[in-house]
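What's in input_11.txt: compact mmCIF, C-alpha atoms
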# COMPACT_ATOMS: atom_id res chain seq x y z
CA MET A 1 132.54 108.02 71.32
CA PRO A 2 129.38 109.64 72.70
CA SER A 3 128.69 113.21 71.62
CA LEU A 4 127.11 116.11 73.47
CA LEU A 5 123.49 116.83 72.58
CA PRO A 6 122.13 120.38 72.19
CA SER A 7 120.53 121.65 75.39
CA ALA A 8 117.03 123.16 75.49
CA TRP A 9 116.12 123.70 79.15
CA TRP A 10 117.47 127.28 79.22
CA ARG A 11 115.39 128.47 76.25
CA PRO A 12 112.74 130.93 77.48
CA ASP A 13 109.78 129.00 76.06
CA VAL A 14 110.98 125.71 77.58
CA HIS A 15 111.77 127.36 80.91
CA ALA A 16 108.29 128.92 81.01
CA ASP A 17 106.78 125.41 80.80
CA ARG A 18 109.12 124.08 83.50
CA ARG A 19 108.87 127.03 85.89
CA PRO A 20 105.66 125.97 87.71
CA PHE A 21 107.31 122.65 88.62
CA LEU A 22 110.42 124.48 89.85
CA ILE A 23 108.42 126.88 91.99
CA GLY A 24 106.62 123.87 93.45
CA ARG A 25 109.99 122.30 94.19
CA ASN A 26 111.16 125.35 96.12
CA ARG A 27 107.95 125.53 98.13
CA ILE A 28 108.10 121.84 99.05
CA GLN A 29 111.76 122.11 100.05
CA ALA A 30 111.00 125.11 102.26
CA ALA A 31 108.07 123.27 103.86
CA PHE A 32 110.27 120.24 104.53
CA ARG A 33 112.96 122.38 106.14
CA THR A 34 110.34 123.81 108.47
CA PHE A 35 109.05 120.30 109.20
CA PHE A 36 112.46 119.10 110.36
CA ALA A 37 113.31 122.27 112.26
CA GLU A 38 110.06 122.01 114.23
CA ARG A 39 111.06 118.50 115.28
CA ASP A 40 114.52 119.50 116.50
CA PHE A 41 116.49 118.10 113.56
CA MET A 42 119.80 119.75 112.81
CA GLU A 43 120.25 120.36 109.08
CA VAL A 44 123.77 119.31 108.07
CA ASP A 45 125.82 119.75 104.92
CA THR A 46 128.27 116.99 103.99
CA ALA A 47 131.23 116.91 101.61
CA THR A 48 130.57 115.56 98.13
CA LEU A 49 134.10 114.21 97.61
CA GLN A 50 134.67 111.01 99.55
CA VAL A 51 137.25 108.26 99.85
CA SER A 52 134.52 105.73 99.00
CA PRO A 53 131.35 106.51 97.05
CA GLY A 54 129.56 103.54 98.64
CA ASN A 55 129.99 99.81 98.37
CA GLU A 56 126.93 98.40 96.65
CA ALA A 57 127.68 96.17 93.68
CA HIS A 58 125.35 97.85 91.20
CA LEU A 59 125.93 101.49 92.13
CA HIS A 60 128.31 103.33 89.81
CA ALA A 61 130.20 106.43 90.86
CA PHE A 62 131.86 109.39 89.22
CA SER A 63 135.51 109.38 90.15
CA THR A 64 138.26 111.99 90.06
CA THR A 65 141.84 112.53 91.17
CA ALA A 66 142.86 115.02 93.82
CA LEU A 67 146.36 116.42 93.81
CA THR A 68 148.38 117.00 96.95
CA THR A 69 150.18 120.29 97.41
CA ASP A 70 153.25 118.75 95.79
CA GLY A 71 151.24 117.38 92.86
CA GLN A 72 150.88 113.75 93.94
CA PRO A 73 147.60 112.05 92.83
CA PHE A 74 145.00 110.72 95.25
CA PRO A 75 141.76 109.07 94.06
CA LEU A 76 138.43 110.47 95.28
CA HIS A 77 134.81 109.85 94.32
CA LEU A 78 131.60 111.87 94.20
CA HIS A 79 129.33 110.34 96.80
CA THR A 80 126.29 108.31 95.77
CA SER A 81 124.70 109.18 99.12
CA PRO A 82 125.66 111.32 102.15
CA GLU A 83 125.10 108.24 104.34
CA PHE A 84 128.66 107.59 105.45
CA ALA A 85 129.19 111.22 106.45
CA CYS A 86 125.84 111.43 108.25
CA LYS A 87 126.61 108.33 110.29
CA LYS A 88 129.98 109.78 111.26
CA LEU A 89 128.04 112.80 112.58
CA LEU A 90 125.87 110.44 114.64
CA ALA A 91 129.05 108.90 116.02
CA ALA A 92 130.25 112.43 116.80
CA GLY A 93 127.21 113.00 119.01
CA GLU A 94 124.42 114.41 116.84
CA SER A 95 121.06 112.76 117.53
CA ARG A 96 118.62 114.07 114.91
CA ILE A 97 120.01 115.24 111.59
CA ALA A 98 118.62 115.98 108.12
CA CYS A 99 120.53 116.63 104.92
CA PHE A 100 119.56 117.82 101.44
CA ALA A 101 122.48 116.52 99.38
CA HIS A 102 123.34 116.57 95.71
CA VAL A 103 124.42 113.01 94.92
CA TYR A 104 125.89 111.40 91.82
CA ARG A 105 125.27 108.08 90.13
CA ASN A 106 126.84 107.02 86.86
CA ARG A 107 125.13 104.87 84.21
CA GLU A 108 121.75 106.31 85.25
CA ARG A 109 119.50 108.52 83.10
CA GLY A 110 115.82 108.36 82.23
CA PRO A 111 112.39 109.65 83.31
CA LEU A 112 113.12 108.69 86.95
CA HIS A 113 116.93 108.77 86.96
CA HIS A 114 119.50 111.54 86.57
CA PRO A 115 123.31 111.54 86.93
CA GLU A 116 123.04 114.23 89.62
CA PHE A 117 119.99 114.52 91.85
CA THR A 118 118.89 115.63 95.31
CA MET A 119 118.63 113.13 98.12
CA LEU A 120 116.99 114.00 101.41
CA GLU A 121 118.38 111.90 104.27
CA TRP A 122 117.43 112.05 107.91
CA TYR A 123 118.44 110.06 110.98
CA ARG A 124 116.97 109.44 114.43
CA ALA A 125 119.41 108.20 117.07
CA GLY A 126 117.87 105.88 119.65
CA GLU A 127 114.62 105.50 117.71
CA SER A 128 113.05 102.60 115.79
CA TYR A 129 112.90 102.56 112.03
CA THR A 130 109.11 102.49 112.34
CA ALA A 131 109.36 106.17 113.38
CA LEU A 132 110.59 106.84 109.85
CA MET A 133 107.36 105.39 108.45
CA ALA A 134 105.42 108.03 110.37
CA ASP A 135 107.80 110.71 109.04
CA CYS A 136 107.16 109.51 105.49
CA ALA A 137 103.39 109.69 105.96
CA ASP A 138 103.68 113.27 107.22
CA LEU A 139 106.05 114.32 104.43
CA LEU A 140 103.97 112.86 101.59
CA ALA A 141 100.91 114.67 102.91
CA LEU A 142 102.92 117.87 103.36
CA ALA A 143 104.29 117.69 99.80
CA ALA A 144 100.79 117.22 98.38
CA GLU A 145 99.31 119.98 100.53
CA THR A 146 102.10 122.40 99.59
CA ALA A 147 101.67 121.61 95.89
CA GLY A 148 97.90 121.95 96.13
CA THR A 149 97.03 118.43 95.05
CA ARG A 150 94.96 115.63 96.55
CA GLN A 151 96.34 112.84 94.34
CA PHE A 152 99.63 111.65 92.88
CA SER A 153 99.56 110.21 89.35
CA TYR A 154 102.22 108.60 87.22
CA ARG A 155 102.00 106.40 84.11
CA GLY A 156 98.38 105.44 84.62
CA MET A 157 98.67 104.81 88.35
CA SER A 158 97.23 107.00 91.08
CA CYS A 159 97.88 107.27 94.79
CA ASP A 160 96.24 109.17 97.64
CA PRO A 161 99.15 110.75 99.58
CA PHE A 162 96.88 111.35 102.58
CA ALA A 163 95.74 107.71 102.89
CA PRO A 164 97.10 105.35 105.56
CA PHE A 165 100.08 103.42 104.20
CA GLU A 166 99.92 99.77 103.25
CA ARG A 167 102.71 97.94 105.11
CA LEU A 168 103.70 94.79 103.24
CA SER A 169 106.63 92.48 103.92
CA VAL A 170 108.79 91.44 100.99
CA ALA A 171 107.92 87.78 101.66
CA ASP A 172 104.19 88.54 101.59
CA ALA A 173 104.60 90.55 98.38
CA PHE A 174 106.37 87.61 96.68
CA GLU A 175 103.56 85.30 97.76
CA ARG A 176 100.77 87.69 96.75
CA TYR A 177 102.04 88.80 93.35
CA ALA A 178 104.19 85.85 92.20
CA GLY A 179 103.09 82.83 94.26
CA ILE A 180 106.69 82.41 95.50
CA ASP A 181 107.73 81.38 99.01
CA LEU A 182 110.83 83.58 99.10
CA LEU A 183 112.04 82.80 102.61
CA SER A 184 112.07 79.06 101.91
CA SER A 185 115.26 79.83 99.94
CA VAL A 186 116.91 81.78 102.78
CA GLU A 187 118.59 80.00 105.71
CA PRO A 188 118.68 81.41 109.27
CA ASP A 189 122.39 82.19 108.79
CA GLY A 190 121.59 84.21 105.65
CA LYS A 191 122.77 81.64 103.10
CA THR A 192 120.56 81.39 100.04
CA ASP A 193 119.43 78.45 97.92
CA ARG A 194 119.62 79.70 94.36
CA ASP A 195 118.26 76.52 92.76
CA ARG A 196 115.24 76.38 95.04
CA LEU A 197 114.30 79.92 94.14
CA ALA A 198 114.92 79.25 90.42
CA ARG A 199 112.48 76.34 90.48
CA GLN A 200 109.82 78.61 91.93
CA LEU A 201 110.43 81.19 89.19
CA THR A 202 110.00 78.48 86.58
CA GLN A 203 106.71 77.43 88.16
CA ALA A 204 105.57 81.05 88.18
CA GLY A 205 106.40 81.46 84.49
CA ILE A 206 109.19 83.99 85.06
CA ARG A 207 112.05 83.64 82.60
CA HIS A 208 115.57 83.52 83.95
CA ALA A 209 119.08 82.59 82.87
CA PRO A 210 121.14 79.61 84.00
CA ASP A 211 123.86 81.90 85.35
CA ASP A 212 121.49 84.14 87.32
CA THR A 213 122.46 84.38 90.98
CA TRP A 214 119.94 84.28 93.82
CA THR A 215 120.02 88.08 93.85
CA ASP A 216 119.43 88.21 90.09
CA LEU A 217 116.38 85.97 90.48
CA TYR A 218 115.09 88.00 93.40
CA SER A 219 115.47 91.23 91.42
CA ARG A 220 113.64 89.79 88.41
CA VAL A 221 110.59 88.98 90.50
CA LEU A 222 110.69 92.31 92.30
CA VAL A 223 110.87 94.34 89.09
CA GLU A 224 108.52 92.27 86.92
CA ARG A 225 105.82 91.14 89.34
CA ILE A 226 105.87 93.27 92.47
CA GLU A 227 106.95 96.88 91.93
CA PRO A 228 104.23 97.58 89.32
CA HIS A 229 101.61 96.99 92.05
CA LEU A 230 103.17 99.05 94.82
CA GLY A 231 101.67 102.40 95.78
CA GLU A 232 98.46 101.92 93.79
CA GLY A 233 95.64 103.78 95.50
CA ARG A 234 97.70 104.46 98.62
CA PRO A 235 101.41 104.53 99.47
CA THR A 236 103.09 101.19 100.17
CA VAL A 237 105.84 100.47 102.68
CA LEU A 238 107.66 97.35 101.45
CA ASP A 239 109.20 96.04 104.65
CA ARG A 240 111.51 93.34 106.07
CA TYR A 241 113.94 92.67 103.23
CA PRO A 242 115.82 89.35 103.09
CA ILE A 243 119.01 89.64 105.13
CA CYS A 244 121.10 89.09 102.00
CA GLU A 245 119.51 92.31 100.64
CA ALA A 246 119.96 94.20 103.91
CA ALA A 247 122.68 96.60 102.67
CA LEU A 248 123.40 98.66 105.82
CA ALA A 249 120.40 97.47 107.86
CA ARG A 250 120.48 95.30 111.00
CA PRO A 251 118.73 91.91 111.28
CA ALA A 252 115.18 91.83 112.65
CA ASP A 253 114.92 90.68 116.28
CA ASP A 254 112.25 88.08 115.55
CA ASP A 255 113.67 86.50 112.35
CA PRO A 256 117.37 86.46 111.37
CA ARG A 257 116.40 85.81 107.74
CA VAL A 258 115.10 89.37 107.32
CA ALA A 259 116.36 92.88 108.03
CA GLU A 260 114.95 96.11 109.40
CA ARG A 261 114.73 97.70 105.98
CA PHE A 262 111.81 99.24 104.13
CA GLU A 263 111.25 101.06 100.88
CA LEU A 264 108.44 103.53 100.21
CA TYR A 265 106.44 103.43 96.97
CA ALA A 266 103.78 105.64 95.39
CA CYS A 267 102.35 105.05 91.90
CA GLY A 268 104.87 102.25 91.36
CA VAL A 269 107.73 104.71 91.96
CA GLU A 270 110.32 103.95 94.63
CA LEU A 271 110.67 107.07 96.76
CA ALA A 272 112.71 106.12 99.82
CA ASN A 273 114.95 103.46 101.36
CA ALA A 274 115.15 103.13 105.15
CA PHE A 275 117.16 101.10 107.65
CA GLY A 276 117.27 100.21 111.27
CA GLU A 277 120.98 100.93 111.09
CA LEU A 278 123.61 98.24 111.39
CA THR A 279 126.28 99.24 113.94
CA ASP A 280 128.34 96.04 113.87
CA ALA A 281 131.49 97.15 112.06
CA ALA A 282 132.75 93.60 111.46
CA GLU A 283 129.47 92.52 109.89
CA GLN A 284 129.36 95.69 107.79
CA ARG A 285 132.89 95.04 106.53
CA THR A 286 131.91 91.49 105.55
CA ARG A 287 128.91 92.79 103.61
CA PHE A 288 130.95 95.47 101.85
CA GLU A 289 133.63 92.98 100.85
CA ALA A 290 131.01 90.59 99.44
CA GLU A 291 129.46 93.44 97.45
CA MET A 292 132.82 94.38 96.00
CA VAL A 293 133.52 90.77 95.01
CA GLU A 294 130.23 90.82 93.09
CA LYS A 295 131.04 94.20 91.55
CA GLN A 296 134.39 92.86 90.34
CA ARG A 297 132.67 89.79 88.89
CA VAL A 298 130.02 91.76 87.00
CA TYR A 299 131.76 95.03 86.10
CA GLY A 300 135.47 94.38 86.53
CA GLU A 301 135.97 97.17 89.07
CA THR A 302 135.68 97.87 92.80
CA TYR A 303 135.63 100.85 95.16
CA PRO A 304 137.70 101.18 98.32
CA LEU A 305 136.18 100.72 101.76
CA ASP A 306 135.95 103.80 103.94
CA GLU A 307 137.94 102.66 106.96
CA ASP A 308 137.06 105.88 108.76
CA PHE A 309 133.37 105.02 108.41
CA LEU A 310 133.87 101.48 109.71
CA ALA A 311 135.74 102.89 112.71
CA ALA A 312 132.89 105.34 113.38
CA LEU A 313 130.37 102.49 113.47
CA SER A 314 132.02 101.18 116.63
CA VAL A 315 130.88 104.29 118.54
CA MET A 316 127.75 105.17 116.57
CA PRO A 317 124.57 104.87 118.68
CA GLU A 318 121.60 102.71 117.72
CA ALA A 319 119.73 104.69 115.09
CA SER A 320 117.35 104.61 112.17
CA GLY A 321 117.93 106.42 108.89
CA ILE A 322 116.32 106.98 105.51
CA ALA A 323 117.16 108.33 102.07
CA LEU A 324 114.35 109.90 100.04
CA GLY A 325 114.59 110.81 96.36
CA PHE A 326 113.47 114.41 96.71
CA ASP A 327 113.15 115.09 92.97
CA ARG A 328 110.92 112.04 92.48
CA LEU A 329 108.58 113.15 95.24
CA VAL A 330 108.43 116.64 93.73
CA MET A 331 107.55 115.05 90.38
CA LEU A 332 104.58 113.24 91.85
CA ALA A 333 103.41 116.24 93.86
CA THR A 334 103.63 118.74 90.99
CA GLY A 335 102.48 116.45 88.16
CA ALA A 336 105.77 116.44 86.26
CA THR A 337 106.45 113.42 84.06
CA ARG A 338 110.27 113.51 83.98
CA ILE A 339 112.80 114.10 86.72
CA ASP A 340 114.63 116.79 84.75
CA GLN A 341 111.44 118.91 84.70
CA VAL A 342 111.85 119.56 88.45
CA MET A 343 115.59 120.39 88.29
CA TRP A 344 116.58 124.03 87.86
CA ALA A 345 119.59 123.18 85.68
CA PRO A 346 119.78 119.54 84.47
CA VAL A 347 123.06 117.83 83.61
CA ALA A 348 124.11 118.05 79.96
CA GLU A 349 122.96 115.14 77.80
CA TRP A 350 125.05 112.95 75.54
CA SER A 351 124.40 110.11 73.14
How does this structure look as structure tokens?
Amino acid sequence: MPSLLPSAWWRPDVHADRRPFLIGRNRIQAAFRTFFAERDFMEVDTATLQVSPGNEAHLHAFSTTALTTDGQPFPLHLHTSPEFACKKLLAAGESRIACFAHVYRNRERGPLHHPEFTMLEWYRAGESYTALMADCADLLALAAETAGTRQFSYRGMSCDPFAPFERLSVADAFERYAGIDLLSSVEPDGKTDRDRLARQLTQAGIRHAPDDTWTDLYSRVLVERIEPHLGEGRPTVLDRYPICEAALARPADDDPRVAERFELYACGVELANAFGELTDAAEQRTRFEAEMVEKQRVYGETYPLDEDFLAALSVMPEASGIALGFDRLVMLATGATRIDQVMWAPVAEWS
């Protein structure tokens, strides 16, 4: 049974060391709120307790039980993202929204991960996901300017937050850093050829297991060969994910094998995940169900689907949306080395 570890963050000497990072956090958050207000975004506040915490196979939620007025139990979950609620607000008629949300992810703790952290999400109805790339460029520069720095640094890597972004497709990144033709293992209908990809990993000298799925192989290459190079010197937008890794993103118009999804990197750190949003409720249901089959296979558990969310998709307008790890960006801007250094009151630790 894990035991609670003594806490140190509240000790005056420790707090004195952390306080400059925390002041930087507050200043950056205030600057970001002004940024969105000046662009006619409505700041919204969503409920933390949800029917479904999200339906990605490898995301783990904190769960609880609500009691009705007569004491009957009803399962609820702390959200892993405010995404479902924000998209319901788009369906309700909002067109530009932004949300600073505390979100919760179980089985996650380390220099870049925390069980509870702040996610900044914003959505643009009727606008392309490329508009979000411009937002990211402005926000990285604003964070650096507010913190009084010209360079982000982390674990030996540096990045100029004012430099033009590198925009790199996932397929090009696999070719450049691993010599792998990724899309040769993806069919136009989205089906994947696991064995074909495995042979390419073998040729590239990347170890893998016989029971690795296509997604497992893909993730190995991404983590081992690609992510360490992203955001070196300048920020990188890793764009056009394989459709089987689309999550809640729609297919690209010019190639059904890839999706309108990008992730933003600086100093090898993933900062944001963006979609040209999928509004096909039937397709989204199919994806969620497949993710829950995989979650059951790997972890022996599943989460319910939010039927209310799927219903809202049928009236949600075309939109683009993005989730940015606010604490991680504050880390890079202020020079902190651990995510808990930029949190006013970190979650208790256990071992």
#### Entry: Protein and nucleic acid residues near (104.0, 106.6, 94.9) (cut-off 9 Å, all atoms listed in the file) as a list of chain:residue names
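Protein, DNA and RNA residues close to (104.0, 106.6, 94.9): A:Phe152, A:Ser153, A:Tyr154, A:Met157, A:Ser158, A:Cys159, A:Asp160, A:Pro161, A:Leu230, A:Gly231, A:Glu232, A:Gly233, A:Arg234, A:Pro235, A:Thr236, A:Leu264, A:Tyr265, A:Ala266, A:Cys267, A:Gly268, A:Val269, A:Glu270, A:Leu271, A:Leu329, A:Leu332.
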### Task
Quote the spacing between CA of Pro242 in chain A and CA of Ala259 in chain A in Å to one decimal place.
6.1 Å
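Nearest residue to Asp172 in chain A among A:Phe62, A:Tyr241, A:Tyr129, A:Phe275 is A:Tyr241, counting all atoms listed in the file.
With all atoms listed in the file as the atoms that count, the minimum distance from Asp45 in chain A to the choices A:Val342, A:Ile97, A:Ala16, A:Ala66 is reached by A:Ile97.
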### Spatial sel., origin (123.1, 81.9, 105.2), limit 12 Å, all atoms listed in the file, listed as a ChimeraX atom specification
/A:183-194,242-245,256-258
### Message
As an exercise, work out the distance from CA of Ala323 in chain A to CA of Ala91 in chain A in Å and give it to one decimal place.
### Response
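Atom-to-atom, CA of Ala323 in chain A and CA of Ala91 in chain A are spaced 18.3 Å apart.
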### Query
Do you know which residues are at most 8 Å from range 5-15 of chain A counting all atoms listed in the file, after dropping those on the same chain fewer than 2 positions away, and could you put them as a PyMOL selection string?
chain A and resi 3+17-19+345-346+348-351
Could you write out the selected residues, including C-alpha atoms, as an mmCIF file, in the frame of the given file?
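Saved to part26.cif:
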data_model
loop_
_atom_site.group_PDB
_atom_site.id
_atom_site.type_symbol
_atom_site.label_atom_id
_atom_site.label_comp_id
_atom_site.auth_asym_id
_atom_site.auth_seq_id
_atom_site.Cartn_x
_atom_site.Cartn_y
_atom_site.Cartn_z
ATOM 1 C CA SER A 3 128.690 113.210 71.620
ATOM 2 C CA ASP A 17 106.780 125.410 80.800
ATOM 3 C CA ARG A 18 109.120 124.080 83.500
ATOM 4 C CA ARG A 19 108.870 127.030 85.890
ATOM 5 C CA ALA A 345 119.590 123.180 85.680
ATOM 6 C CA PRO A 346 119.780 119.540 84.470
ATOM 7 C CA ALA A 348 124.110 118.050 79.960
ATOM 8 C CA GLU A 349 122.960 115.140 77.800
ATOM 9 C CA TRP A 350 125.050 112.950 75.540
ATOM 10 C CA SER A 351 124.400 110.110 73.140
#
### Task
Compare A:Ile28, A:Ala198, A:Met119, A:Leu278 by their minimum atom-to-atom distance to Glu318 in chain A, counting all atoms listed in the file, and give me the closest one.
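Under the stated criterion, the closest residue is A:Leu278.
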### Task
Please identify all polymer residues within 10 Å of Arg261 in chain A, counting all atoms listed in the file, omitting same-chain residues fewer than 3 positions from it, and present them as a ChimeraX atom specification.
/A:129-130,169-170,237-243,245-252,258,273-277,320-322
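Nearest-residue note for Phe117 in chain A: choosing from A:Thr146, A:Thr337, A:Thr202, A:Thr80, the minimum distance belongs to A:Thr80, counting only C-alpha atoms.
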### Task
Determine, counting all atoms listed in the file, which protein, DNA and RNA residues have an atom within 8 Å of an atom of Arg25 in chain A; residues of the same chain fewer than 2 positions away are not included. Present the result as a list in words.
Phe21, Leu22, Ile23, Arg27, Ile28, Gln29, Asp327, Val330, Thr334 and Val342 of chain A
### Message
Please list as a list in words every residue within 12 Å of Ser63 in chain A, counting only C-alpha atoms and excluding residues in the same chain fewer than 6 positions away.
### Response
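Here the qualifying residues turn out to be Thr48, Leu49, Gln50, Val51, Ser52, Pro53, Gly54, Phe74, Pro75, Leu76, His77, Leu78, His79, Thr80, Tyr104, Arg105, Asn106, Thr302, Tyr303 and Pro304 of chain A.
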### Two-atom distance - CA of Met1 in chain A, CA of Lys295 in chain A (Å)
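Computing the Euclidean distance for CA of Met1 in chain A and CA of Lys295 in chain A yields 24.5 Å.
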### Task
Write out as an MDAnalysis selection string which residues come within 12 Å of Glu307 in chain A when counting only C-alpha atoms, dropping same-chain ones fewer than 4 positions away.
chainID A and resid 50:52 54 84 88 281:282 284:285 288 311:314
I need the chosen residues saved as a short mmCIF file (atom, residue, chain, number, x, y, z; two decimals), in the coordinates of the input, with C-alpha atoms.
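File produced: again31.cif:
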data_model
loop_
_atom_site.label_atom_id
_atom_site.label_comp_id
_atom_site.auth_asym_id
_atom_site.auth_seq_id
_atom_site.Cartn_x
_atom_site.Cartn_y
_atom_site.Cartn_z
CA GLN A 50 134.67 111.01 99.55
CA VAL A 51 137.25 108.26 99.85
CA SER A 52 134.52 105.73 99.00
CA GLY A 54 129.56 103.54 98.64
CA PHE A 84 128.66 107.59 105.45
CA LYS A 88 129.98 109.78 111.26
CA ALA A 281 131.49 97.15 112.06
CA ALA A 282 132.75 93.60 111.46
CA GLN A 284 129.36 95.69 107.79
CA ARG A 285 132.89 95.04 106.53
CA PHE A 288 130.95 95.47 101.85
CA ALA A 311 135.74 102.89 112.71
CA ALA A 312 132.89 105.34 113.38
CA LEU A 313 130.37 102.49 113.47
CA SER A 314 132.02 101.18 116.63
#
### Query
Taking into account only C-alpha atoms, which residue in the set A:Leu139, A:Cys99, A:Ile226, A:Leu201 is nearest to Phe174 in chain A?
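The shortest atom-to-atom distance to Phe174 in chain A comes from A:Ile226.
Nearest to Glu83 in chain A of all the residues A:Arg287, A:Phe41, A:Asp254, A:Leu324 is A:Leu324, based on only C-alpha atoms.
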Could you rebuild range 294-315 of chain A with N, CA and C atoms and give it back as a PDB file, keeping the file's coordinate frame?
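Contents of out.pdb, as written:
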ATOM      1  N   GLU A 294     131.250  90.895  94.141  1.00  0.00           N
ATOM      2  CA  GLU A 294     130.230  90.820  93.090  1.00  0.00           C
ATOM      3  C   GLU A 294     130.427  91.925  92.057  1.00  0.00           C
ATOM      4  N   LYS A 295     130.805  93.106  92.494  1.00  0.00           N
ATOM      5  CA  LYS A 295     131.040  94.200  91.550  1.00  0.00           C
ATOM      6  C   LYS A 295     132.208  93.867  90.616  1.00  0.00           C
ATOM      7  N   GLN A 296     133.254  93.276  91.168  1.00  0.00           N
ATOM      8  CA  GLN A 296     134.390  92.860  90.340  1.00  0.00           C
ATOM      9  C   GLN A 296     133.959  91.806  89.341  1.00  0.00           C
ATOM     10  N   ARG A 297     133.135  90.867  89.774  1.00  0.00           N
ATOM     11  CA  ARG A 297     132.670  89.790  88.890  1.00  0.00           C
ATOM     12  C   ARG A 297     131.843  90.330  87.728  1.00  0.00           C
ATOM     13  N   VAL A 298     130.958  91.278  88.018  1.00  0.00           N
ATOM     14  CA  VAL A 298     130.020  91.760  87.000  1.00  0.00           C
ATOM     15  C   VAL A 298     130.619  92.882  86.151  1.00  0.00           C
ATOM     16  N   TYR A 299     131.325  93.817  86.803  1.00  0.00           N
ATOM     17  CA  TYR A 299     131.760  95.030  86.100  1.00  0.00           C
ATOM     18  C   TYR A 299     133.274  95.166  85.967  1.00  0.00           C
ATOM     19  N   GLY A 300     134.020  94.308  86.634  1.00  0.00           N
ATOM     20  CA  GLY A 300     135.470  94.380  86.530  1.00  0.00           C
ATOM     21  C   GLY A 300     136.084  95.555  87.255  1.00  0.00           C
ATOM     22  N   GLU A 301     135.418  96.052  88.297  1.00  0.00           N
ATOM     23  CA  GLU A 301     135.970  97.170  89.070  1.00  0.00           C
ATOM     24  C   GLU A 301     135.459  97.083  90.508  1.00  0.00           C
ATOM     25  N   THR A 302     136.122  97.789  91.399  1.00  0.00           N
ATOM     26  CA  THR A 302     135.680  97.870  92.800  1.00  0.00           C
ATOM     27  C   THR A 302     135.934  99.285  93.304  1.00  0.00           C
ATOM     28  N   TYR A 303     135.367  99.595  94.471  1.00  0.00           N
ATOM     29  CA  TYR A 303     135.630 100.850  95.160  1.00  0.00           C
ATOM     30  C   TYR A 303     136.251 100.540  96.511  1.00  0.00           C
ATOM     31  N   PRO A 304     137.072 101.438  97.017  1.00  0.00           N
ATOM     32  CA  PRO A 304     137.700 101.180  98.320  1.00  0.00           C
ATOM     33  C   PRO A 304     136.668 101.232  99.448  1.00  0.00           C
ATOM     34  N   LEU A 305     136.991 100.596 100.555  1.00  0.00           N
ATOM     35  CA  LEU A 305     136.180 100.720 101.760  1.00  0.00           C
ATOM     36  C   LEU A 305     136.618 101.971 102.515  1.00  0.00           C
ATOM     37  N   ASP A 306     135.659 102.628 103.121  1.00  0.00           N
ATOM     38  CA  ASP A 306     135.950 103.800 103.940  1.00  0.00           C
ATOM     39  C   ASP A 306     136.266 103.321 105.348  1.00  0.00           C
ATOM     40  N   GLU A 307     137.535 103.161 105.651  1.00  0.00           N
ATOM     41  CA  GLU A 307     137.940 102.660 106.960  1.00  0.00           C
ATOM     42  C   GLU A 307     137.534 103.607 108.089  1.00  0.00           C
ATOM     43  N   ASP A 308     137.498 104.895 107.782  1.00  0.00           N
ATOM     44  CA  ASP A 308     137.060 105.880 108.760  1.00  0.00           C
ATOM     45  C   ASP A 308     135.595 105.640 109.140  1.00  0.00           C
ATOM     46  N   PHE A 309     134.777 105.311 108.151  1.00  0.00           N
ATOM     47  CA  PHE A 309     133.370 105.020 108.410  1.00  0.00           C
ATOM     48  C   PHE A 309     133.218 103.766 109.268  1.00  0.00           C
ATOM     49  N   LEU A 310     133.957 102.720 108.939  1.00  0.00           N
ATOM     50  CA  LEU A 310     133.870 101.480 109.710  1.00  0.00           C
ATOM     51  C   LEU A 310     134.321 101.711 111.157  1.00  0.00           C
ATOM     52  N   ALA A 311     135.311 102.564 111.352  1.00  0.00           N
ATOM     53  CA  ALA A 311     135.740 102.890 112.710  1.00  0.00           C
ATOM     54  C   ALA A 311     134.655 103.653 113.455  1.00  0.00           C
ATOM     55  N   ALA A 312     133.955 104.555 112.753  1.00  0.00           N
ATOM     56  CA  ALA A 312     132.890 105.340 113.380  1.00  0.00           C
ATOM     57  C   ALA A 312     131.725 104.468 113.823  1.00  0.00           C
ATOM     58  N   LEU A 313     131.472 103.378 113.095  1.00  0.00           N
ATOM     59  CA  LEU A 313     130.370 102.490 113.470  1.00  0.00           C
ATOM     60  C   LEU A 313     130.541 101.931 114.874  1.00  0.00           C
ATOM     61  N   SER A 314     131.780 101.774 115.312  1.00  0.00           N
ATOM     62  CA  SER A 314     132.020 101.180 116.630  1.00  0.00           C
ATOM     63  C   SER A 314     131.550 102.077 117.771  1.00  0.00           C
ATOM     64  N   VAL A 315     131.372 103.379 117.499  1.00  0.00           N
ATOM     65  CA  VAL A 315     130.880 104.290 118.540  1.00  0.00           C
ATOM     66  C   VAL A 315     129.553 104.943 118.161  1.00  0.00           C
TER      67      VAL A 315
END
